[in-house]
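Raw coords.cif, mmCIF, C-alpha atoms:
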```
data_my_file
#
loop_
_atom_site.label_atom_id
_atom_site.label_comp_id
_atom_site.auth_asym_id
_atom_site.auth_seq_id
_atom_site.Cartn_x
_atom_site.Cartn_y
_atom_site.Cartn_z
CA MET A 1 105.40 3.67 -38.17
CA ARG A 2 106.27 4.53 -41.77
CA GLN A 3 108.73 1.65 -41.88
CA ILE A 4 106.08 -0.80 -40.67
CA ILE A 5 103.62 0.43 -43.32
CA ARG A 6 106.37 0.07 -45.91
CA VAL A 7 107.07 -3.48 -44.75
CA LEU A 8 103.40 -4.39 -45.05
CA LEU A 9 103.08 -2.88 -48.51
CA GLU A 10 106.22 -4.59 -49.79
CA GLY A 11 105.20 -7.89 -48.24
CA GLY A 12 101.78 -7.71 -49.85
CA SER A 13 103.32 -6.76 -53.20
CA GLN A 14 105.73 -9.70 -53.03
CA ALA A 15 102.88 -12.09 -52.18
CA TRP A 16 100.84 -10.85 -55.13
CA GLN A 17 103.84 -11.29 -57.46
CA GLN A 18 104.25 -14.87 -56.22
CA LEU A 19 100.59 -15.60 -56.92
CA MET A 20 100.68 -14.11 -60.42
CA ALA A 21 104.08 -15.46 -61.47
CA ASN A 22 103.36 -19.08 -60.50
CA LYS A 23 99.59 -19.46 -60.68
CA LEU A 24 99.42 -23.25 -60.72
CA ARG A 25 101.98 -23.68 -57.94
CA SER A 26 100.27 -21.02 -55.85
CA PHE A 27 96.84 -22.57 -56.45
CA LEU A 28 97.97 -26.04 -55.40
CA SER A 29 99.77 -24.65 -52.35
CA LEU A 30 96.81 -22.56 -51.21
CA LEU A 31 94.36 -25.41 -51.83
CA GLY A 32 95.17 -26.90 -48.43
CA ILE A 33 94.41 -23.58 -46.69
CA THR A 34 91.18 -23.24 -48.65
CA ILE A 35 90.03 -26.78 -47.82
CA GLY A 36 91.02 -26.42 -44.17
CA ILE A 37 89.11 -23.16 -43.71
CA PHE A 38 86.18 -24.63 -45.64
CA CYS A 39 86.06 -27.68 -43.34
CA ILE A 40 86.46 -25.81 -40.05
CA ILE A 41 84.23 -22.81 -40.77
CA GLY A 42 81.80 -24.77 -42.95
CA VAL A 43 81.11 -27.31 -40.21
CA LYS A 44 81.03 -24.55 -37.59
CA SER A 45 78.51 -22.55 -39.65
CA ALA A 46 76.32 -25.61 -40.22
CA VAL A 47 76.43 -26.58 -36.54
CA ASN A 48 75.76 -23.01 -35.39
CA SER A 49 72.79 -22.70 -37.77
CA LEU A 50 71.45 -26.06 -36.61
CA GLU A 51 71.96 -25.04 -32.99
CA ASP A 52 70.19 -21.70 -33.53
CA ASN A 53 67.25 -23.48 -35.15
CA ILE A 54 66.95 -26.07 -32.39
CA ARG A 55 67.40 -23.60 -29.54
CA ARG A 56 64.84 -21.28 -31.11
CA SER A 57 62.43 -24.21 -31.19
CA MET A 58 63.26 -25.23 -27.61
CA SER A 59 62.77 -21.68 -26.35
CA LYS A 60 59.04 -22.23 -26.87
CA LEU A 61 59.19 -24.74 -24.03
CA GLY A 62 60.06 -21.94 -21.60
CA ASN A 63 62.88 -21.83 -19.05
CA ASP A 64 60.39 -21.55 -16.19
CA VAL A 65 58.04 -24.37 -17.24
CA ILE A 66 58.16 -27.86 -15.74
CA TYR A 67 56.76 -30.73 -17.80
CA ILE A 68 55.42 -33.54 -15.64
CA ASP A 69 55.45 -36.81 -17.55
CA ARG A 70 56.07 -40.52 -17.21
CA PHE A 71 59.19 -40.23 -19.34
CA SER A 72 62.41 -38.47 -18.41
CA TRP A 73 64.12 -36.37 -21.06
CA GLY A 74 67.53 -36.94 -19.51
CA GLU A 75 67.51 -40.76 -19.24
CA ASP A 76 68.27 -43.40 -21.85
CA PRO A 77 64.97 -44.66 -23.35
CA GLY A 78 66.46 -48.09 -24.07
CA ASP A 79 67.33 -48.75 -20.43
CA ASN A 80 64.24 -47.16 -18.89
CA TYR A 81 61.40 -47.81 -21.33
CA TRP A 82 59.66 -50.56 -19.37
CA LYS A 83 60.09 -48.68 -16.10
CA TRP A 84 58.38 -45.69 -17.69
CA MET A 85 55.59 -47.78 -19.21
CA ARG A 86 54.73 -49.22 -15.78
CA ARG A 87 54.14 -45.73 -14.42
CA PRO A 88 50.53 -44.50 -14.26
CA VAL A 89 49.37 -41.82 -16.67
CA PHE A 90 48.27 -38.48 -15.27
CA THR A 91 44.63 -37.81 -14.53
CA PHE A 92 42.54 -34.69 -14.53
CA SER A 93 42.06 -35.13 -10.78
CA GLU A 94 45.82 -34.87 -10.26
CA TYR A 95 45.86 -31.72 -12.40
CA GLU A 96 43.10 -30.17 -10.28
CA ASP A 97 44.95 -31.09 -7.10
CA LEU A 98 48.15 -29.46 -8.36
CA LYS A 99 46.30 -26.36 -9.54
CA ALA A 100 44.65 -25.95 -6.15
CA ASN A 101 47.75 -26.57 -4.00
CA LEU A 102 50.76 -25.20 -5.86
CA ARG A 103 51.43 -21.78 -4.36
CA GLY A 104 54.48 -21.04 -6.51
CA ALA A 105 52.76 -21.69 -9.85
CA THR A 106 51.36 -19.01 -12.11
CA ARG A 107 49.91 -21.44 -14.70
CA VAL A 108 49.04 -25.13 -14.63
CA GLY A 109 47.97 -26.89 -17.81
CA TYR A 110 46.78 -30.38 -18.64
CA TRP A 111 46.33 -32.16 -21.93
CA GLN A 112 45.16 -35.65 -22.80
CA PHE A 113 45.07 -37.58 -26.04
CA LEU A 114 41.42 -38.56 -26.59
CA SER A 115 41.26 -40.64 -29.76
CA THR A 116 41.47 -40.40 -33.53
CA LYS A 117 38.26 -39.69 -35.41
CA THR A 118 37.00 -38.93 -38.89
CA ILE A 119 35.95 -35.32 -39.43
CA LYS A 120 33.45 -34.30 -42.11
CA TRP A 121 32.30 -31.06 -43.63
CA THR A 122 29.81 -31.32 -46.51
CA SER A 123 31.55 -33.69 -48.96
CA SER A 124 35.06 -33.28 -47.51
CA SER A 125 36.53 -35.46 -44.80
CA VAL A 126 39.76 -36.04 -42.89
CA GLU A 127 40.31 -39.51 -41.43
CA ASN A 128 42.14 -40.47 -38.22
CA ALA A 129 42.55 -36.92 -36.97
CA PRO A 130 43.99 -36.94 -33.42
CA PHE A 131 41.87 -35.13 -30.81
CA LEU A 132 43.45 -33.53 -27.73
CA GLY A 133 41.55 -32.32 -24.70
CA ILE A 134 43.26 -29.27 -23.17
CA THR A 135 42.68 -26.87 -20.29
CA GLU A 136 42.55 -23.07 -20.19
CA ASP A 137 46.21 -22.36 -19.40
CA CYS A 138 47.40 -24.42 -22.38
CA TYR A 139 46.89 -21.37 -24.58
CA ASP A 140 49.90 -19.66 -23.02
CA LEU A 141 51.88 -22.80 -22.25
CA PHE A 142 51.60 -24.07 -25.85
CA HIS A 143 52.16 -20.57 -27.32
CA LEU A 144 49.20 -21.06 -29.66
CA GLU A 145 48.94 -18.71 -32.63
CA PHE A 146 45.97 -18.42 -34.98
CA ASP A 147 45.39 -17.53 -38.61
CA GLY A 148 43.10 -14.63 -39.37
CA GLU A 149 40.53 -13.86 -36.67
CA GLY A 150 40.77 -17.25 -34.97
CA ARG A 151 40.75 -17.40 -31.17
CA TYR A 152 41.05 -19.65 -28.14
CA PHE A 153 38.19 -20.97 -26.01
CA SER A 154 36.52 -18.26 -23.96
CA PRO A 155 36.18 -18.92 -20.19
CA ILE A 156 32.43 -19.46 -20.61
CA GLU A 157 32.91 -21.89 -23.52
CA TYR A 158 35.47 -23.86 -21.54
CA GLN A 159 33.48 -24.02 -18.30
CA ASN A 160 30.21 -24.95 -20.04
CA GLY A 161 31.90 -27.53 -22.27
CA SER A 162 30.66 -25.81 -25.43
CA GLU A 163 30.94 -27.82 -28.63
CA VAL A 164 33.67 -25.73 -30.23
CA CYS A 165 37.09 -26.74 -31.53
CA ILE A 166 40.40 -25.47 -32.87
CA LEU A 167 41.77 -27.07 -36.04
CA GLY A 168 45.37 -27.67 -36.99
CA SER A 169 46.45 -26.10 -40.28
CA GLU A 170 46.65 -29.42 -42.13
CA VAL A 171 43.24 -30.55 -40.90
CA ALA A 172 41.69 -27.23 -41.90
CA GLU A 173 43.27 -27.41 -45.36
CA GLY A 174 42.05 -30.99 -45.80
CA LEU A 175 38.47 -30.01 -45.00
CA PHE A 176 38.15 -26.52 -46.46
CA GLY A 177 41.03 -26.17 -48.89
CA THR A 178 42.84 -22.86 -49.17
CA VAL A 179 39.92 -20.68 -50.31
CA ILE A 180 37.09 -21.26 -47.82
CA ASP A 181 37.37 -19.65 -44.37
CA PRO A 182 36.82 -22.38 -41.72
CA LEU A 183 35.84 -19.94 -38.94
CA GLY A 184 32.23 -20.34 -37.85
CA LYS A 185 31.70 -23.54 -39.88
CA ASP A 186 30.16 -26.60 -38.24
CA ILE A 187 32.06 -29.86 -38.70
CA SER A 188 30.71 -33.32 -37.97
CA VAL A 189 32.53 -35.82 -35.76
CA GLY A 190 30.71 -39.12 -35.25
CA GLY A 191 27.36 -37.44 -35.76
CA ARG A 192 28.17 -34.62 -33.32
CA LYS A 193 28.45 -31.04 -34.55
CA MET A 194 31.33 -28.81 -33.49
CA ARG A 195 31.88 -25.20 -34.46
CA VAL A 196 35.34 -24.08 -35.60
CA ILE A 197 36.52 -21.02 -33.66
CA GLY A 198 40.17 -21.01 -34.71
CA VAL A 199 42.81 -22.43 -37.06
CA GLN A 200 46.38 -22.65 -35.80
CA LYS A 201 49.28 -21.26 -37.75
CA LYS A 202 51.59 -23.82 -39.30
CA ALA A 203 54.42 -24.99 -37.08
CA GLY A 204 57.01 -23.62 -39.54
CA ASN A 205 60.27 -25.11 -40.79
CA ASP A 206 61.98 -25.57 -37.43
CA ILE A 207 63.76 -28.91 -37.02
CA LEU A 208 62.26 -29.46 -33.58
CA LYS A 209 58.57 -28.70 -33.25
CA PRO A 210 57.69 -29.20 -29.59
CA PHE A 211 54.10 -28.05 -30.06
CA ASN A 212 53.22 -29.23 -33.55
CA PHE A 213 49.44 -29.51 -33.75
CA ASP A 214 49.16 -29.11 -37.53
CA ASN A 215 47.26 -32.38 -37.93
CA CYS A 216 45.37 -32.25 -34.61
CA VAL A 217 42.05 -30.97 -33.33
CA LEU A 218 41.98 -29.24 -29.93
CA VAL A 219 38.88 -29.23 -27.74
CA GLY A 220 38.25 -27.96 -24.23
CA TYR A 221 38.68 -30.64 -21.58
CA ASN A 222 35.22 -30.06 -20.08
CA PHE A 223 33.71 -30.74 -23.50
CA ALA A 224 35.99 -33.80 -23.84
CA ARG A 225 34.62 -35.23 -20.58
CA ARG A 226 31.11 -34.99 -21.99
CA GLY A 227 31.62 -35.56 -25.70
CA PHE A 228 34.38 -38.18 -25.58
CA GLY A 229 33.43 -40.05 -22.42
CA VAL A 230 36.57 -39.07 -20.49
CA ARG A 231 36.45 -39.44 -16.70
CA ALA A 232 38.22 -36.98 -14.45
CA SER A 233 39.47 -39.67 -12.04
CA GLY A 234 39.92 -42.49 -14.52
CA ARG A 235 43.19 -43.62 -16.08
CA GLY A 236 42.86 -42.58 -19.69
CA ASN A 237 45.19 -42.29 -22.64
CA GLN A 238 48.50 -40.46 -22.85
CA SER A 239 48.45 -37.24 -20.86
CA SER A 240 50.78 -34.69 -19.30
CA ILE A 241 50.78 -31.74 -16.90
CA MET A 242 52.69 -28.48 -17.34
CA VAL A 243 53.49 -26.04 -14.54
CA GLN A 244 54.88 -22.54 -14.99
CA ALA A 245 56.61 -21.05 -11.95
CA LYS A 246 56.04 -17.50 -10.78
CA SER A 247 58.76 -14.98 -11.59
CA ASP A 248 60.01 -14.93 -8.00
CA VAL A 249 60.03 -18.74 -7.62
CA SER A 250 63.00 -20.82 -8.80
CA VAL A 251 62.49 -23.90 -10.93
CA GLU A 252 64.10 -26.12 -8.28
CA ASP A 253 61.75 -24.84 -5.57
CA MET A 254 58.83 -25.42 -7.92
CA LYS A 255 60.01 -29.00 -8.52
CA ASP A 256 60.12 -29.67 -4.79
CA GLU A 257 56.60 -28.33 -4.36
CA ILE A 258 55.26 -30.40 -7.26
CA THR A 259 56.94 -33.54 -5.95
CA GLY A 260 55.38 -33.09 -2.51
CA VAL A 261 51.87 -32.48 -3.81
CA LEU A 262 51.92 -35.24 -6.43
CA ARG A 263 53.44 -37.87 -4.14
CA ALA A 264 50.77 -37.11 -1.56
CA GLN A 265 48.04 -37.30 -4.20
CA ARG A 266 49.33 -40.69 -5.35
CA HIS A 267 49.72 -41.91 -1.75
CA LEU A 268 53.38 -42.83 -2.16
CA LYS A 269 55.18 -43.90 0.99
CA PRO A 270 58.46 -42.18 1.94
CA ARG A 271 60.55 -45.14 0.82
CA GLU A 272 58.72 -45.63 -2.47
CA ASP A 273 60.31 -44.29 -5.64
CA THR A 274 58.72 -41.34 -7.38
CA ASN A 275 56.70 -42.67 -10.33
CA PHE A 276 56.82 -39.54 -12.50
CA SER A 277 59.46 -37.29 -14.08
CA LEU A 278 59.92 -33.54 -13.90
CA ASN A 279 61.43 -32.26 -17.14
CA THR A 280 62.79 -28.79 -17.89
CA LEU A 281 64.40 -27.04 -20.82
CA SER A 282 67.81 -27.21 -19.12
CA ILE A 283 67.84 -31.01 -19.56
CA LEU A 284 67.54 -30.72 -23.34
CA SER A 285 70.03 -27.85 -23.44
CA ASN A 286 72.66 -29.95 -21.67
CA LEU A 287 72.08 -32.85 -24.07
CA PHE A 288 72.44 -30.66 -27.14
CA ASP A 289 75.51 -28.91 -25.73
CA GLY A 290 77.33 -32.24 -25.82
CA VAL A 291 76.14 -33.07 -29.34
CA PHE A 292 77.10 -29.69 -30.77
CA GLY A 293 80.45 -29.84 -29.01
CA VAL A 294 81.26 -33.20 -30.66
CA LEU A 295 80.24 -31.91 -34.10
CA ASN A 296 82.40 -28.79 -33.76
CA THR A 297 85.35 -30.87 -32.58
CA ALA A 298 84.97 -33.26 -35.50
CA GLY A 299 84.95 -30.38 -37.99
CA PHE A 300 87.99 -28.83 -36.31
CA ILE A 301 89.97 -32.09 -36.43
CA ILE A 302 89.16 -32.63 -40.12
CA GLY A 303 90.08 -29.05 -40.95
CA ILE A 304 93.28 -29.03 -38.92
CA PHE A 305 94.80 -31.80 -41.07
CA ALA A 306 93.98 -29.85 -44.24
CA LEU A 307 95.48 -26.72 -42.66
CA LEU A 308 98.67 -28.59 -41.79
CA VAL A 309 99.02 -29.64 -45.42
CA GLY A 310 98.36 -26.06 -46.50
CA MET A 311 100.82 -24.70 -43.97
CA PHE A 312 103.65 -26.87 -45.29
CA SER A 313 102.70 -25.92 -48.86
CA VAL A 314 102.87 -22.20 -48.08
CA ALA A 315 106.13 -22.73 -46.20
CA ASN A 316 107.51 -24.40 -49.34
CA ILE A 317 106.48 -21.37 -51.41
CA MET A 318 108.22 -19.08 -48.95
CA PHE A 319 111.45 -21.11 -49.01
CA VAL A 320 111.41 -20.94 -52.83
CA SER A 321 110.62 -17.20 -52.70
CA VAL A 322 113.48 -16.51 -50.28
CA ARG A 323 115.89 -18.54 -52.43
CA GLU A 324 114.85 -16.69 -55.59
CA ARG A 325 115.28 -13.29 -53.91
CA THR A 326 118.44 -14.00 -51.96
CA ASN A 327 120.52 -11.35 -53.73
CA ILE A 328 117.70 -8.78 -53.41
CA ILE A 329 117.51 -9.45 -49.68
CA GLY A 330 121.31 -9.06 -49.48
CA ILE A 331 121.17 -5.69 -51.28
CA LYS A 332 118.40 -4.47 -48.93
CA MET A 333 120.42 -5.43 -45.91
CA ALA A 334 123.58 -3.80 -47.38
CA LEU A 335 121.63 -0.57 -47.87
CA GLY A 336 120.66 -0.54 -44.20
CA ALA A 337 117.51 -2.70 -43.92
CA LYS A 338 117.23 -4.12 -40.41
CA ARG A 339 116.86 -7.83 -39.78
CA TRP A 340 113.38 -7.31 -38.28
CA PHE A 341 112.43 -5.49 -41.51
CA ILE A 342 113.28 -8.58 -43.58
CA LEU A 343 111.61 -10.86 -41.02
CA LEU A 344 108.34 -8.92 -41.06
CA GLU A 345 108.37 -8.63 -44.85
CA ILE A 346 108.59 -12.42 -45.35
CA LEU A 347 106.11 -13.10 -42.56
CA PHE A 348 103.57 -10.68 -44.01
CA GLU A 349 104.01 -12.27 -47.43
CA ALA A 350 103.18 -15.70 -45.94
CA VAL A 351 100.23 -14.27 -44.03
CA THR A 352 98.91 -12.61 -47.19
CA LEU A 353 99.07 -15.90 -49.10
CA CYS A 354 97.18 -17.74 -46.33
CA VAL A 355 94.56 -15.00 -46.04
CA VAL A 356 93.94 -15.26 -49.79
CA GLY A 357 93.40 -19.01 -49.38
CA GLY A 358 91.16 -18.40 -46.38
CA LEU A 359 89.06 -15.83 -48.26
CA ILE A 360 88.56 -18.30 -51.10
CA GLY A 361 87.42 -20.89 -48.53
CA LEU A 362 85.01 -18.41 -46.93
CA LEU A 363 83.64 -17.47 -50.36
CA LEU A 364 82.98 -21.15 -51.09
CA ILE A 365 81.22 -21.54 -47.73
CA TRP A 366 79.03 -18.52 -48.47
CA ALA A 367 78.07 -19.94 -51.89
CA VAL A 368 77.31 -23.42 -50.49
CA THR A 369 75.26 -22.12 -47.55
CA ALA A 370 73.29 -19.80 -49.82
CA GLY A 371 72.55 -22.71 -52.16
CA ILE A 372 71.45 -25.02 -49.34
CA THR A 373 69.22 -22.33 -47.86
CA ALA A 374 67.54 -21.75 -51.22
CA VAL A 375 67.05 -25.44 -52.05
CA LEU A 376 66.11 -26.89 -48.65
CA ASP A 377 64.38 -23.83 -47.16
CA PHE A 378 66.59 -24.18 -44.10
CA ASP A 379 68.56 -21.18 -42.91
CA ILE A 380 72.30 -21.93 -42.92
CA HIS A 381 74.34 -18.76 -42.73
CA LEU A 382 77.96 -17.65 -42.51
CA SER A 383 78.00 -15.37 -39.49
CA LEU A 384 80.37 -12.47 -38.90
CA GLY A 385 81.86 -14.32 -35.93
CA ASN A 386 82.69 -17.39 -38.04
CA THR A 387 84.13 -15.15 -40.76
CA LEU A 388 86.46 -13.54 -38.22
CA VAL A 389 87.44 -16.98 -36.90
CA GLY A 390 88.32 -18.04 -40.45
CA LEU A 391 90.43 -14.94 -41.06
CA ILE A 392 92.23 -15.19 -37.71
CA THR A 393 92.93 -18.88 -38.34
CA SER A 394 94.37 -17.99 -41.75
CA ILE A 395 96.61 -15.35 -40.17
CA VAL A 396 97.87 -17.76 -37.51
CA VAL A 397 98.62 -20.44 -40.13
CA GLY A 398 100.43 -17.79 -42.19
CA VAL A 399 102.60 -16.80 -39.26
CA PHE A 400 103.57 -20.41 -38.54
CA SER A 401 104.20 -21.26 -42.20
CA GLY A 402 106.38 -18.19 -42.76
CA LEU A 403 108.25 -18.17 -39.47
CA ILE A 404 111.16 -20.45 -40.43
CA PRO A 405 111.70 -19.00 -43.96
CA ALA A 406 111.53 -15.46 -42.52
CA ALA A 407 114.01 -16.27 -39.77
CA GLN A 408 116.32 -17.85 -42.34
CA ALA A 409 116.14 -14.75 -44.56
CA SER A 410 116.74 -12.33 -41.67
CA ARG A 411 119.90 -14.20 -40.61
CA MET A 412 121.57 -13.99 -44.03
CA ASP A 413 124.97 -12.43 -44.39
CA PRO A 414 124.54 -9.46 -46.78
CA VAL A 415 127.83 -10.11 -48.64
CA GLU A 416 127.14 -13.83 -49.14
CA ALA A 417 123.55 -13.09 -50.16
CA ILE A 418 124.59 -10.58 -52.84
CA ARG A 419 127.02 -13.10 -54.40
CA LYS A 420 124.27 -15.69 -54.93
#
```

Will you turn the file into structure tokens for me?
Amino acid sequence: MRQIIRVLLEGGSQAWQQLMANKLRSFLSLLGITIGIFCIIGVKSAVNSLEDNIRRSMSKLGNDVIYIDRFSWGEDPGDNYWKWMRRPVFTFSEYEDLKANLRGATRVGYWQFLSTKTIKWTSSSVENAPFLGITEDCYDLFHLEFDGEGRYFSPIEYQNGSEVCILGSEVAEGLFGTVIDPLGKDISVGGRKMRVIGVQKKAGNDILKPFNFDNCVLVGYNFARRGFGVRASGRGNQSSIMVQAKSDVSVEDMKDEITGVLRAQRHLKPREDTNFSLNTLSILSNLFDGVFGVLNTAGFIIGIFALLVGMFSVANIMFVSVRERTNIIGIKMALGAKRWFILLEILFEAVTLCVVGGLIGLLLIWAVTAGITAVLDFDIHLSLGNTLVGLITSIVVGVFSGLIPAAQASRMDPVEAIRK
């Protein structure tokens, strides 16, 4: 054990002497290792941060929620666009039928785009604000959060179609600014008064914002039927239905149940194709898995070429180091140093050089990611896992770059080595 510790200390000391004695040569040789680690770990850190951001956004969709729509998340829009456009939009009657007949569902929500309208409050106004009519369960399915003491529609307000609304953060700021509290204020929409009962929190800085209602106004669907002239059985504007399965019901079983109820409601014959799509979070996850895999592979390929250049550069340093210390190696062997002692000493020297280059690369990544996070307000971080990958990669490259010079040194004849 003492011999191994001695080998490591001497190898590290020799590596440090090489760095200090030939600074320019060492810098140019280690540059390939630094660039390689920077490429591999830099791309990996960026992709991992992007993946974390996107998956955090997608988690709001829920693993147990099925989104019933005309469009399929897993199909190519270019090839299927006109097929999707020919499909009928979803009606409130279909939502009611699903809500009444789905035994495996714990929540069923429905939303419909109503129109865009101009909103006024005293002398302030917001033009072309989109209005959405939503049902009671949308509160949980959309994961709505409110600023201050804001709230969702009460059951009585929803059932009676009360003239109340929830504003998106941008709409509220456009009407009331940042000082006035919108809660309890009456806004005017086409001559009709509506009371503000809540303001949604901003969607945040996530790349994907599945439920971004910052510039929208939400109203209860029963009020929408009365105040916006929407018919329960009519074919209106864009709409969608969301179904959350019970904890003891699988998503696939829930899909089968939805398909049966909705096909019956639309009077589709057994041989007719289903004219709706059932989308789940797993579809998006599979799509992003492929994208992130390609990005990681691209970064690895770019970095591997830089590492190869660095490996040959470090190997060149080690050949020069062995040649310069040939007589010293001969003396060590004459005094009883084992061949494995010389082998490990040279190998550890090469590994130390590569680890130094890798640490410089990791330090550069940390500086770049910290700068990007500060400037763009997007969290890119160098994780502990990626740091360990960078260090292990540096060690592996060091072993390969020092293997041949170390083997050459360990096979020297002590007498011949001392004479040189």

Give me the residues near stretch 347-362 of chain A as an mmCIF file with C-alpha atoms, in the coordinates of the input, where near means some atom within 7 Å (using all atoms listed in the file) and where sequence neighbours in that chain fewer than 2 positions away do not count.
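Listed below is the output, selection28.cif:
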```
data_model
loop_
_atom_site.group_PDB
_atom_site.id
_atom_site.type_symbol
_atom_site.label_atom_id
_atom_site.label_comp_id
_atom_site.auth_asym_id
_atom_site.auth_seq_id
_atom_site.Cartn_x
_atom_site.Cartn_y
_atom_site.Cartn_z
ATOM 1 C CA LEU A 8 103.400 -4.390 -45.050
ATOM 2 C CA GLY A 11 105.200 -7.890 -48.240
ATOM 3 C CA GLY A 12 101.780 -7.710 -49.850
ATOM 4 C CA GLN A 14 105.730 -9.700 -53.030
ATOM 5 C CA ALA A 15 102.880 -12.090 -52.180
ATOM 6 C CA LEU A 30 96.810 -22.560 -51.210
ATOM 7 C CA LEU A 31 94.360 -25.410 -51.830
ATOM 8 C CA ILE A 33 94.410 -23.580 -46.690
ATOM 9 C CA THR A 34 91.180 -23.240 -48.650
ATOM 10 C CA ILE A 35 90.030 -26.780 -47.820
ATOM 11 C CA ILE A 37 89.110 -23.160 -43.710
ATOM 12 C CA PHE A 38 86.180 -24.630 -45.640
ATOM 13 C CA VAL A 314 102.870 -22.200 -48.080
ATOM 14 C CA MET A 318 108.220 -19.080 -48.950
ATOM 15 C CA LEU A 343 111.610 -10.860 -41.020
ATOM 16 C CA LEU A 344 108.340 -8.920 -41.060
ATOM 17 C CA GLU A 345 108.370 -8.630 -44.850
ATOM 18 C CA LEU A 364 82.980 -21.150 -51.090
ATOM 19 C CA ILE A 365 81.220 -21.540 -47.730
ATOM 20 C CA TRP A 366 79.030 -18.520 -48.470
ATOM 21 C CA GLY A 390 88.320 -18.040 -40.450
ATOM 22 C CA LEU A 391 90.430 -14.940 -41.060
ATOM 23 C CA SER A 394 94.370 -17.990 -41.750
ATOM 24 C CA ILE A 395 96.610 -15.350 -40.170
ATOM 25 C CA VAL A 397 98.620 -20.440 -40.130
ATOM 26 C CA GLY A 398 100.430 -17.790 -42.190
ATOM 27 C CA VAL A 399 102.600 -16.800 -39.260
ATOM 28 C CA SER A 401 104.200 -21.260 -42.200
ATOM 29 C CA GLY A 402 106.380 -18.190 -42.760
ATOM 30 C CA LEU A 403 108.250 -18.170 -39.470
ATOM 31 C CA ALA A 406 111.530 -15.460 -42.520
#
```

>> With 10 Å as the threshold, what does the neighbourhood of (55.4, -15.3, -10.9) contain in terms of residues, counting only C-alpha atoms? Coordinates are those of the file; answer as a ChimeraX atom specification.
In response: /A:64,104-107,244-250

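Taking atom CA of A:Thr91 and atom CA of A:Leu144 as endpoints, the distance between them is 23.0 Å.
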
Please put the answer as JSON: centre and edge lengths, in Å with one decimal, of a box along x, y and z that encloses all listed atoms of stretch 127-137 of chain A plus 8 Å on each side.
```
{"center_x": 43.3, "center_y": -31.4, "center_z": -30.4, "size_x": 21.9, "size_y": 34.1, "size_z": 38.0}
```

>> For a test of reading the model, state the distance in Å between atom CA of A:Leu382 and atom CA of A:Gly36, rounded to one decimal.
In response: 15.8 Å

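For the set A:Gln112, A:Thr326, A:Asn215, A:Thr274, the residue with the smallest atom-to-atom gap to A:Gly260 is A:Thr274, counting all atoms listed in the file.
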
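Proximity ranking of A:Cys39, A:Ile258, A:Met242, A:Val219 relative to A:Gly109 places A:Met242 first, based on all atoms listed in the file.
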